[in-house]
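What follows is target-v4.tsv (TSV, C-alpha atoms and all ligand atoms).
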```
chain	number	residue	atom	x	y	z
A	1	MET	CA	-4.10	18.24	3.52
A	2	SER	CA	-1.58	21.04	2.83
A	3	ASN	CA	0.94	22.38	0.37
A	4	ALA	CA	3.91	23.49	2.47
A	5	ARG	CA	7.09	24.91	0.87
A	6	SER	CA	9.69	23.95	3.48
A	7	ARG	CA	9.31	22.47	6.92
A	8	ASN	CA	11.09	21.60	10.17
A	9	LEU	CA	9.36	18.54	11.57
A	10	ASP	CA	9.49	16.12	14.47
A	11	VAL	CA	8.75	13.05	12.33
A	12	LEU	CA	8.41	12.77	8.57
A	13	VAL	CA	6.51	9.69	7.42
A	14	ILE	CA	7.24	8.91	3.78
A	15	GLY	CA	4.31	7.14	2.12
A	16	ALA	CA	0.56	7.45	2.71
A	17	GLY	CA	-0.23	3.74	2.28
A	18	MET	CA	-1.47	1.61	5.17
A	19	ALA	CA	1.98	1.50	6.84
A	20	GLY	CA	2.53	5.27	6.73
A	21	LEU	CA	-1.01	6.18	7.81
A	22	SER	CA	-0.84	3.70	10.69
A	23	ALA	CA	2.56	5.00	11.81
A	24	ALA	CA	1.39	8.62	11.72
A	25	ALA	CA	-1.80	7.82	13.63
A	26	ALA	CA	0.19	6.02	16.35
A	27	LEU	CA	2.64	8.92	16.62
A	28	GLN	CA	-0.16	11.45	16.80
A	29	LYS	CA	-1.95	9.42	19.49
A	30	ALA	CA	1.29	9.51	21.53
A	31	GLY	CA	1.39	13.30	21.22
A	32	CYS	CA	4.14	13.42	18.58
A	33	LYS	CA	3.69	15.67	15.55
A	34	ALA	CA	4.09	13.73	12.33
A	35	VAL	CA	3.60	14.80	8.72
A	36	VAL	CA	2.96	12.24	5.99
A	37	ILE	CA	4.08	12.89	2.44
A	38	ASP	CA	3.35	10.87	-0.68
A	39	LYS	CA	4.47	11.23	-4.27
A	40	GLY	CA	1.03	10.14	-5.45
A	41	ARG	CA	-2.09	12.23	-5.99
A	42	GLY	CA	-4.15	10.35	-3.42
A	43	VAL	CA	-3.72	8.37	-0.23
A	44	GLY	CA	-3.77	4.58	0.09
A	45	GLY	CA	-0.77	3.47	-2.00
A	46	ARG	CA	-1.57	-0.07	-3.11
A	47	MET	CA	-5.03	0.19	-1.53
A	48	ALA	CA	-6.12	1.81	-4.76
A	49	THR	CA	-9.47	2.61	-6.36
A	50	ARG	CA	-9.86	4.04	-9.86
A	51	ARG	CA	-12.81	5.26	-11.93
A	52	ILE	CA	-13.36	4.79	-15.65
A	53	GLY	CA	-16.44	6.83	-16.57
A	54	ALA	CA	-19.22	5.72	-14.21
A	55	ALA	CA	-17.46	2.44	-13.35
A	56	THR	CA	-15.29	2.03	-10.22
A	57	PHE	CA	-12.50	-0.49	-9.68
A	58	ASP	CA	-10.40	-1.66	-6.77
A	59	HIS	CA	-7.28	-2.41	-8.81
A	60	GLY	CA	-4.70	-3.01	-6.05
A	61	ALA	CA	-5.53	-4.76	-2.76
A	62	GLN	CA	-8.81	-6.64	-3.09
A	63	PHE	CA	-9.78	-7.45	0.47
A	64	ILE	CA	-8.46	-7.12	3.99
A	65	THR	CA	-8.19	-9.76	6.67
A	66	ALA	CA	-7.55	-9.18	10.39
A	67	ARG	CA	-5.79	-11.58	12.71
A	68	ASP	CA	-4.48	-8.96	15.16
A	69	LEU	CA	-7.08	-7.64	17.62
A	70	SER	CA	-5.89	-4.02	17.41
A	71	PHE	CA	-6.11	-4.13	13.64
A	72	ALA	CA	-9.57	-5.70	13.89
A	73	ASP	CA	-10.53	-2.66	16.02
A	74	VAL	CA	-9.31	-0.35	13.24
A	75	LEU	CA	-11.64	-2.12	10.81
A	76	GLU	CA	-14.55	-2.02	13.27
A	77	ASN	CA	-14.05	1.71	13.80
A	78	ALA	CA	-13.94	2.21	10.03
A	79	ARG	CA	-17.16	0.20	9.75
A	80	THR	CA	-18.82	2.50	12.31
A	81	ALA	CA	-17.65	5.51	10.26
A	82	GLY	CA	-19.02	3.98	7.06
A	83	ALA	CA	-15.55	3.55	5.50
A	84	ALA	CA	-15.30	-0.28	5.58
A	85	LEU	CA	-17.49	-3.35	5.77
A	86	GLU	CA	-17.26	-7.09	5.70
A	87	TRP	CA	-17.41	-8.22	2.06
A	88	CYS	CA	-17.70	-11.97	2.52
A	89	ARG	CA	-16.33	-14.99	4.37
A	90	GLY	CA	-14.39	-16.54	1.49
A	91	PHE	CA	-14.68	-17.18	-2.20
A	92	MET	CA	-16.54	-20.07	-3.79
A	93	ALA	CA	-14.54	-23.25	-3.10
A	94	ASP	CA	-12.32	-21.25	-0.69
A	95	ALA	CA	-15.18	-20.07	1.54
A	96	ASP	CA	-13.31	-20.77	4.78
A	97	GLY	CA	-15.51	-18.63	7.04
A	98	HIS	CA	-12.78	-16.02	7.73
A	99	ALA	CA	-14.00	-12.42	7.27
A	100	ARG	CA	-12.80	-10.51	4.17
A	101	TRP	CA	-13.22	-6.75	4.52
A	102	ARG	CA	-13.25	-3.99	1.95
A	103	GLY	CA	-13.31	-0.22	1.94
A	104	THR	CA	-16.61	1.37	1.10
A	105	PRO	CA	-17.31	2.21	-1.53
A	106	GLY	CA	-13.73	1.25	-2.48
A	107	MET	CA	-10.37	0.46	-0.88
A	108	SER	CA	-9.13	4.04	-1.13
A	109	SER	CA	-12.10	5.16	1.02
A	110	LEU	CA	-10.63	3.27	3.97
A	111	ALA	CA	-7.30	5.05	3.43
A	112	LYS	CA	-9.07	8.41	3.23
A	113	HIS	CA	-10.84	7.62	6.49
A	114	LEU	CA	-7.54	6.72	8.19
A	115	ALA	CA	-6.01	9.95	6.88
A	116	LEU	CA	-8.64	12.10	8.62
A	117	GLY	CA	-7.01	14.28	11.26
A	118	LEU	CA	-3.48	13.60	9.97
A	119	GLU	CA	-1.39	16.13	8.09
A	120	ILE	CA	-0.81	14.70	4.61
A	121	VAL	CA	1.16	16.41	1.85
A	122	GLN	CA	0.51	14.88	-1.56
A	123	GLU	CA	2.41	14.93	-4.85
A	124	LYS	CA	5.71	15.43	-3.07
A	125	GLN	CA	8.54	12.96	-3.66
A	126	VAL	CA	11.55	12.46	-1.43
A	127	SER	CA	14.67	12.29	-3.58
A	128	ALA	CA	17.50	12.75	-1.04
A	129	LEU	CA	18.18	12.06	2.63
A	130	GLN	CA	21.15	13.44	4.50
A	131	GLN	CA	22.00	12.43	8.05
A	132	MET	CA	22.99	15.37	10.28
A	133	THR	CA	24.04	15.23	13.95
A	134	ASP	CA	20.56	15.39	15.45
A	135	HIS	CA	18.19	15.49	12.48
A	136	TRP	CA	17.67	14.50	8.85
A	137	SER	CA	17.81	16.88	5.94
A	138	ILE	CA	15.33	15.80	3.27
A	139	GLY	CA	15.57	16.85	-0.35
A	140	MET	CA	12.35	16.83	-2.37
A	141	ALA	CA	12.16	16.23	-6.10
A	142	ASP	CA	10.69	19.73	-6.50
A	143	GLY	CA	13.84	21.29	-4.99
A	144	GLU	CA	12.54	21.99	-1.49
A	145	THR	CA	14.58	20.96	1.57
A	146	TRP	CA	12.84	19.88	4.75
A	147	THR	CA	14.27	18.76	8.08
A	148	ALA	CA	12.94	16.17	10.54
A	149	LYS	CA	14.18	14.72	13.81
A	150	ALA	CA	13.09	11.26	12.66
A	151	ILE	CA	11.97	9.53	9.47
A	152	ILE	CA	9.76	6.54	8.81
A	153	LEU	CA	10.18	5.32	5.22
A	154	THR	CA	7.40	3.04	3.90
A	155	ALA	CA	8.18	2.68	0.19
A	156	PRO	CA	8.50	-0.92	-1.08
A	157	VAL	CA	11.88	-2.15	0.22
A	158	PRO	CA	13.74	-2.21	-3.15
A	159	GLN	CA	12.75	1.44	-3.73
A	160	SER	CA	13.83	2.36	-0.20
A	161	LEU	CA	17.20	0.66	-0.73
A	162	VAL	CA	17.78	2.52	-4.01
A	163	LEU	CA	17.03	5.82	-2.25
A	164	LEU	CA	19.33	5.03	0.69
A	165	GLU	CA	22.16	3.90	-1.58
A	166	ALA	CA	21.84	6.97	-3.82
A	167	CYS	CA	22.17	9.12	-0.68
A	168	GLY	CA	25.24	7.26	0.56
A	169	ILE	CA	23.46	5.84	3.62
A	170	VAL	CA	25.31	2.65	4.50
A	171	LEU	CA	23.42	-0.24	6.07
A	172	GLU	CA	24.97	-2.72	8.46
A	173	PRO	CA	26.06	-5.72	6.35
A	174	VAL	CA	23.60	-8.13	8.03
A	175	MET	CA	20.69	-5.76	7.48
A	176	LYS	CA	21.77	-5.05	3.91
A	177	THR	CA	21.83	-8.77	3.11
A	178	ARG	CA	18.44	-9.30	4.76
A	179	LEU	CA	16.71	-6.37	3.04
A	180	SER	CA	18.33	-6.96	-0.36
A	181	ALA	CA	16.83	-10.46	-0.36
A	182	ILE	CA	13.26	-9.09	-0.31
A	183	GLN	CA	11.73	-9.37	-3.74
A	184	TYR	CA	8.23	-8.47	-4.87
A	185	GLU	CA	5.79	-10.08	-7.25
A	186	ARG	CA	4.71	-8.00	-10.22
A	187	CYS	CA	1.08	-7.67	-11.20
A	188	LEU	CA	-0.51	-6.46	-14.41
A	189	ALA	CA	-4.02	-5.33	-13.48
A	190	VAL	CA	-6.74	-4.93	-16.11
A	191	MET	CA	-9.83	-2.85	-15.39
A	192	ALA	CA	-12.62	-3.55	-17.88
A	193	VAL	CA	-16.03	-1.88	-18.16
A	194	LEU	CA	-18.53	-4.53	-19.29
A	195	GLU	CA	-21.54	-4.15	-21.57
A	196	GLY	CA	-23.71	-5.89	-18.98
A	197	PRO	CA	-23.55	-8.00	-15.81
A	198	SER	CA	-20.94	-10.77	-15.90
A	199	ARG	CA	-21.43	-14.48	-15.26
A	200	MET	CA	-19.47	-14.40	-12.01
A	201	PRO	CA	-21.48	-15.63	-9.04
A	202	PRO	CA	-21.55	-13.87	-5.63
A	203	PRO	CA	-19.57	-12.73	-3.76
A	204	GLY	CA	-17.77	-11.65	-6.92
A	205	GLY	CA	-14.17	-12.73	-6.34
A	206	PHE	CA	-12.30	-15.76	-7.57
A	207	ALA	CA	-8.67	-16.97	-7.70
A	208	PRO	CA	-8.22	-19.37	-10.65
A	209	THR	CA	-5.67	-22.11	-10.02
A	210	GLN	CA	-4.43	-22.34	-13.63
A	211	GLY	CA	-3.66	-19.97	-16.50
A	212	PRO	CA	-2.46	-16.35	-16.57
A	213	ILE	CA	-5.06	-14.98	-14.12
A	214	ALA	CA	-4.31	-14.89	-10.40
A	215	TRP	CA	-7.52	-13.10	-9.38
A	216	ILE	CA	-10.68	-11.80	-10.97
A	217	ALA	CA	-13.24	-9.60	-9.21
A	218	ASN	CA	-16.61	-8.24	-10.15
A	219	ASN	CA	-16.63	-4.74	-8.67
A	220	GLN	CA	-20.40	-4.45	-9.16
A	221	LEU	CA	-21.20	-7.60	-7.17
A	222	LYS	CA	-18.62	-6.54	-4.59
A	223	GLY	CA	-20.50	-3.27	-4.13
A	224	VAL	CA	-17.68	-1.00	-5.33
A	225	SER	CA	-19.18	-0.06	-8.71
A	226	THR	CA	-22.67	0.84	-9.87
A	227	GLU	CA	-21.65	-0.22	-13.41
A	228	PRO	CA	-20.52	-3.72	-14.47
A	229	ALA	CA	-16.75	-3.53	-13.92
A	230	ILE	CA	-14.19	-6.32	-13.72
A	231	THR	CA	-10.67	-6.29	-12.24
A	232	ILE	CA	-8.30	-8.96	-13.58
A	233	HIS	CA	-4.92	-9.54	-11.89
A	234	ALA	CA	-2.34	-11.48	-13.87
A	235	THR	CA	-0.06	-13.97	-12.14
A	236	ASP	CA	3.48	-12.90	-11.26
A	237	GLU	CA	4.82	-15.27	-13.93
A	238	PHE	CA	2.62	-13.78	-16.67
A	239	SER	CA	3.26	-10.21	-15.49
A	240	VAL	CA	7.05	-10.65	-15.56
A	241	ALA	CA	6.92	-12.29	-19.01
A	242	HIS	CA	4.70	-9.52	-20.47
A	243	TRP	CA	6.00	-6.50	-18.52
A	244	ASP	CA	7.70	-4.91	-21.53
A	245	GLN	CA	5.16	-6.04	-24.13
A	246	ASN	CA	2.49	-3.83	-25.64
A	247	ARG	CA	0.15	-3.18	-22.68
A	248	ASP	CA	-3.10	-2.99	-24.71
A	249	GLU	CA	-2.35	-6.31	-26.39
A	250	THR	CA	-1.52	-7.85	-23.04
A	251	ALA	CA	-4.80	-6.54	-21.59
A	252	ARG	CA	-6.70	-8.13	-24.48
A	253	MET	CA	-4.97	-11.47	-23.78
A	254	LEU	CA	-6.06	-11.33	-20.14
A	255	ILE	CA	-9.62	-10.33	-21.08
A	256	ALA	CA	-9.75	-13.29	-23.51
A	257	ALA	CA	-8.49	-15.59	-20.73
A	258	ALA	CA	-11.30	-14.30	-18.49
A	259	ASP	CA	-14.00	-14.90	-21.10
A	260	GLU	CA	-15.61	-17.87	-19.34
A	261	TRP	CA	-16.33	-15.66	-16.29
A	262	LEU	CA	-17.42	-12.61	-18.29
A	263	GLY	CA	-19.95	-13.81	-20.87
A	264	VAL	CA	-20.48	-10.24	-22.16
A	265	GLY	CA	-18.56	-7.76	-24.32
A	266	ILE	CA	-16.18	-5.07	-23.10
A	267	LYS	CA	-16.98	-1.35	-23.49
A	268	GLN	CA	-13.48	-0.12	-22.58
A	269	PHE	CA	-10.47	-1.07	-20.49
A	270	GLN	CA	-7.29	0.21	-18.87
A	271	ILE	CA	-4.23	-1.67	-17.66
A	272	HIS	CA	-1.97	-0.79	-14.74
A	273	GLY	CA	1.39	-2.36	-13.90
A	274	TRP	CA	2.21	-2.91	-10.21
A	275	ARG	CA	6.02	-3.21	-10.23
A	276	PHE	CA	5.94	-3.96	-6.48
A	277	SER	CA	2.75	-5.87	-5.85
A	278	LYS	CA	3.26	-8.22	-2.88
A	279	PRO	CA	6.56	-9.17	-1.24
A	280	LYS	CA	7.61	-12.73	-2.07
A	281	GLN	CA	9.11	-13.07	1.38
A	282	THR	CA	9.00	-10.98	4.54
A	283	ASP	CA	11.72	-9.84	6.89
A	284	PRO	CA	11.69	-11.53	10.32
A	285	SER	CA	11.42	-8.18	12.15
A	286	SER	CA	8.34	-5.94	12.11
A	287	CYS	CA	10.37	-2.91	10.91
A	288	ALA	CA	14.02	-2.11	10.23
A	289	VAL	CA	15.88	0.50	12.30
A	290	VAL	CA	18.49	1.77	9.84
A	291	SER	CA	19.68	4.52	12.17
A	292	SER	CA	18.71	5.25	15.76
A	293	ALA	CA	20.36	8.66	16.19
A	294	PRO	CA	18.71	10.39	14.44
A	295	PRO	CA	16.09	7.68	13.80
A	296	LEU	CA	15.39	6.31	10.31
A	297	VAL	CA	13.06	3.33	10.30
A	298	LEU	CA	11.86	1.28	7.33
A	299	ALA	CA	8.32	-0.10	7.50
A	300	GLY	CA	5.73	-1.66	5.21
A	301	ASP	CA	4.23	-4.97	4.21
A	302	ALA	CA	7.66	-6.56	3.70
A	303	PHE	CA	8.06	-6.66	7.49
A	304	ALA	CA	4.99	-7.74	9.42
A	305	GLY	CA	3.08	-9.67	6.74
A	306	ARG	CA	2.60	-9.43	2.98
A	307	ARG	CA	-0.85	-7.91	3.24
A	308	VAL	CA	-2.66	-4.73	4.31
A	309	GLU	CA	-2.75	-5.89	7.93
A	310	GLY	CA	1.01	-6.53	7.90
A	311	ALA	CA	1.62	-2.98	6.64
A	312	ALA	CA	-0.44	-1.57	9.53
A	313	LEU	CA	1.39	-3.66	12.13
A	314	SER	CA	4.72	-2.62	10.67
A	315	GLY	CA	3.72	1.06	10.73
A	316	TRP	CA	2.82	0.77	14.40
A	317	ALA	CA	6.12	-0.99	15.14
A	318	ALA	CA	8.07	1.78	13.37
A	319	ALA	CA	6.19	4.45	15.34
A	320	ALA	CA	7.06	2.63	18.58
A	321	GLU	CA	10.76	2.63	17.60
A	322	VAL	CA	10.69	6.39	16.97
A	323	LEU	CA	8.86	7.05	20.25
A	324	LYS	CA	11.35	4.85	22.10
A	325	PHE	CA	14.19	6.98	20.77
A	326	ASP	CA	12.27	10.14	21.63
A	327	SER	CA	11.79	9.06	25.26
A	328	ASP	CA	15.41	7.80	25.52
A	329	SER	CA	16.78	11.16	24.28
A	330	SER	CA	14.41	13.15	26.58
A	331	ALA	CA	15.58	11.05	29.53
A	332	SER	CA	19.26	11.64	28.71
A	333	THR	CA	18.77	15.42	28.57
A	334	ARG	CA	16.93	15.58	31.92
B	401	LIG	C1	-2.48	-6.11	-7.22
B	401	LIG	C2	-2.40	-6.19	-5.72
B	401	LIG	C3	-3.29	-7.00	-5.03
B	401	LIG	C4	-3.22	-7.08	-3.63
B	401	LIG	N1	-4.17	-7.81	-2.97
B	401	LIG	C5	-4.19	-7.78	-1.62
B	401	LIG	C6	-5.28	-8.36	-0.89
B	401	LIG	O1	-6.26	-8.83	-1.47
B	401	LIG	N2	-5.22	-8.32	0.48
B	401	LIG	C7	-4.18	-7.73	1.15
B	401	LIG	O2	-4.20	-7.70	2.39
B	401	LIG	N3	-3.16	-7.16	0.47
B	401	LIG	C8	-3.15	-7.16	-0.87
B	401	LIG	N4	-2.16	-6.52	-1.56
B	401	LIG	C9	-1.00	-5.99	-0.79
B	401	LIG	C10	-1.38	-4.68	-0.09
B	401	LIG	O3	-1.90	-3.78	-1.02
B	401	LIG	C11	-0.11	-4.14	0.54
B	401	LIG	O4	0.40	-5.13	1.44
B	401	LIG	C12	-0.29	-2.85	1.36
B	401	LIG	O5	-1.25	-2.00	0.78
B	401	LIG	C13	1.07	-2.20	1.48
B	401	LIG	O6	0.99	-0.98	2.20
B	401	LIG	P1	2.31	-0.13	2.44
B	401	LIG	O7	1.91	1.08	3.19
B	401	LIG	O8	3.35	-1.02	3.03
B	401	LIG	O9	2.86	0.25	1.00
B	401	LIG	P2	2.20	1.14	-0.15
B	401	LIG	O10	0.73	0.99	-0.15
B	401	LIG	O11	2.92	0.76	-1.40
B	401	LIG	O12	2.54	2.63	0.26
B	401	LIG	C14	3.81	3.21	0.02
B	401	LIG	C15	3.59	4.65	-0.41
B	401	LIG	O13	4.86	5.30	-0.44
B	401	LIG	C16	4.82	6.25	-1.48
B	401	LIG	N5	6.21	6.54	-1.85
B	401	LIG	C17	7.16	5.66	-2.26
B	401	LIG	N6	8.33	6.27	-2.46
B	401	LIG	C18	8.12	7.58	-2.15
B	401	LIG	C19	8.98	8.73	-2.15
B	401	LIG	N7	10.28	8.66	-2.50
B	401	LIG	N8	8.44	9.92	-1.80
B	401	LIG	C20	7.13	10.02	-1.43
B	401	LIG	N9	6.28	8.96	-1.41
B	401	LIG	C21	6.78	7.76	-1.75
B	401	LIG	C22	4.04	5.56	-2.58
B	401	LIG	O14	3.47	6.51	-3.48
B	401	LIG	C23	2.98	4.79	-1.79
B	401	LIG	O15	1.76	5.50	-1.70
B	401	LIG	C24	-2.22	-6.38	-2.94
B	401	LIG	C25	-1.34	-5.55	-3.63
B	401	LIG	C26	-1.45	-5.43	-5.01
B	401	LIG	C27	-0.56	-4.48	-5.74
```
Represent the structure of the file as structure tokens.
Amino acid sequence: MSNARSRNLDVLVIGAGMAGLSAAAALQKAGCKAVVIDKGRGVGGRMATRRIGAATFDHGAQFITARDLSFADVLENARTAGAALEWCRGFMADADGHARWRGTPGMSSLAKHLALGLEIVQEKQVSALQQMTDHWSIGMADGETWTAKAIILTAPVPQSLVLLEACGIVLEPVMKTRLSAIQYERCLAVMAVLEGPSRMPPPGGFAPTQGPIAWIANNQLKGVSTEPAITIHATDEFSVAHWDQNRDETARMLIAAADEWLGVGIKQFQIHGWRFSKPKQTDPSSCAVVSSAPPLVLAGDAFAGRRVEGAALSGWAAAAEVLKFDSDSSASTR
């Protein structure tokens, strides 16, 4: 990880979530130098793990599934490195036998593992993009200006569109209509430290079918936390309705709604609002090529599946698009 002041790059990957890390790894494997930047303090994006005192919480993505064989290999390699393991094969009535994976100890550990060997610059936000003849000029919120021959942008699609529009980058009408239609669920996530073990049975995850709670997880049973620690995810409907309400009061409402699964008191809690939680619908393509000369490609879970695996597949697809352009332009200059 580094703290550069201004850079001239081959490829800039914006976002160190699963899509950005996967894109950068694919580019690096193909011999292309890529730098990943993220406005956040850590890597992982929505694969997030937070501590409150001695308690640890996965408060974004809860588990990972793999349908694609290459992505399954990524998880197996992470298992070998001690950064991921199979959590369970389903939850209570929904135990369907399909493997659910998690990072170990938490989700962000998997992201940290995937970031090994990549150049990642943290706490740096892209605020402007300007298309030049054969490269992009990138303005950072801290005033620095970088250049890159290609960009992969992995922010949630509505945020990417705001950035592109603010920079005067015009999308083809069909693409604009397609991408503007992508909406995301919101999720208010409560992290509560319990006074003792909860009533939840193994494996420690459960998706209620009624009420304001979409998901509740016992991070201690899951193996993420040494202390009793519960993550509660509100439904999209509840989150939208309470987004602008007092957050502590909203957290207390969700804790009260979870009472039948807790059975013990709460020592302390925090609440986090995911404005862009999961896409409500996905684009039919696995990434979006906004410009091919110089390349600007949008990637993320809105393209290849509204889950961690989809973000990885989209990142790989975006890397392939950039490499295709790279080989096309090398061929034309031969
Ligand atoms: C509450 C919740 C529960 C979920 N549960 C599951 C689950 O159980 N299973 C599952 O598979 N998926 C789940 N998901 C979805 C999963 O987390 C996402 O599909 C996946 O992590 C998305 O990865 P990404 O790389 O596309 O985006 P992100 O992880 O959002 O990464 C984008 C990154 O871009 C950075 N960024 C954005 N704009 C800028 C900028 N201008 N400059 C610099 N950096 C920028 C952000 O800081 C962020 O780190 C859940 C998500 C949430 C929020």
_Can you measure CA of Ala311 (chain A) to CA of Asn218 (chain A) for me? One decimal in Å is fine._
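CA of Asn218 (chain A) lies 25.3 Å from CA of Ala311 (chain A).
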*Have a look at A:Arg307, A:His233, A:Arg247, A:Lys29 and name the one nearest to Gly117 (chain A); count all atoms listed in the file.*
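Answer, going by the shortest atom-to-atom distance: A:Lys29.
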_Point-to-point distance in Å for CA of Pro228 (chain A) and CA of Pro197 (chain A)_ =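 Going from CA of Pro197 (chain A) over to CA of Pro228 (chain A) covers 5.4 Å.
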_For a quick check of understanding, using all atoms listed in the file, which of A:Met253, A:Leu69, A:Ile266, A:Ala16 has the smallest distance to ligand LIG 401 (chain B)?_
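That would be A:Ala16, the residue with the smallest distance to ligand LIG 401 (chain B).
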*Have a look at atom N8 of ligand LIG 401 (chain B) and CA of Leu114 (chain A) and let me know their distance in Å, one decimal.*
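A separation of 19.1 Å between them.
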_With distances taken over all atoms listed in the file, which residue among A:Glu260, A:Val121, A:Leu221, A:Val162 lies nearest Ser180 (chain A)?_
A:Val162
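Ranking A:Ser127, A:Ile232, A:Asn219, A:Thr49 by their shortest atom-to-atom distance to Cys167 (chain A), with all atoms listed in the file included, puts A:Ser127 first.
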*Would you mind listing the residues within 7 Å of ligand LIG 401 (chain B), counting only C-alpha atoms and all ligand atoms, as a PyMOL selection string?*
chain A and resi 14-20+37-40+43-47+59-65+124-127+154-156+159+187+189+233+274+276-278+299-301+306-311
*Please determine the residues with any atom at most 10 Å from (-19.6, -7.0, -18.5) (coordinates as given in the file, with only C-alpha atoms counting) and report them as a list in words.*
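Those residues, ordered by chain and then number, are Ala192, Val193, Leu194, Glu195, Gly196, Pro197, Ser198, Arg199, Met200, Asn218, Gln220, Glu227, Pro228, Ala229, Ile230, Trp261, Leu262, Gly263, Val264, Gly265, Ile266 and Lys267 of chain A.
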_Distance query Thr250 (chain A) at most 10 Å, all atoms listed in the file, self and fewer than 5 positions along chain excluded, as a VMD selection string_ = chain A and resid 188 190 234 238 to 239 242 to 245 255 to 256 271
_I'd like to know which of A:Ile120, A:Met132, A:Ala312, A:Met107 is closest to Ala293 (chain A), using all atoms listed in the file._
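Residue with the minimum atom-to-atom distance to Ala293 (chain A): A:Met132.
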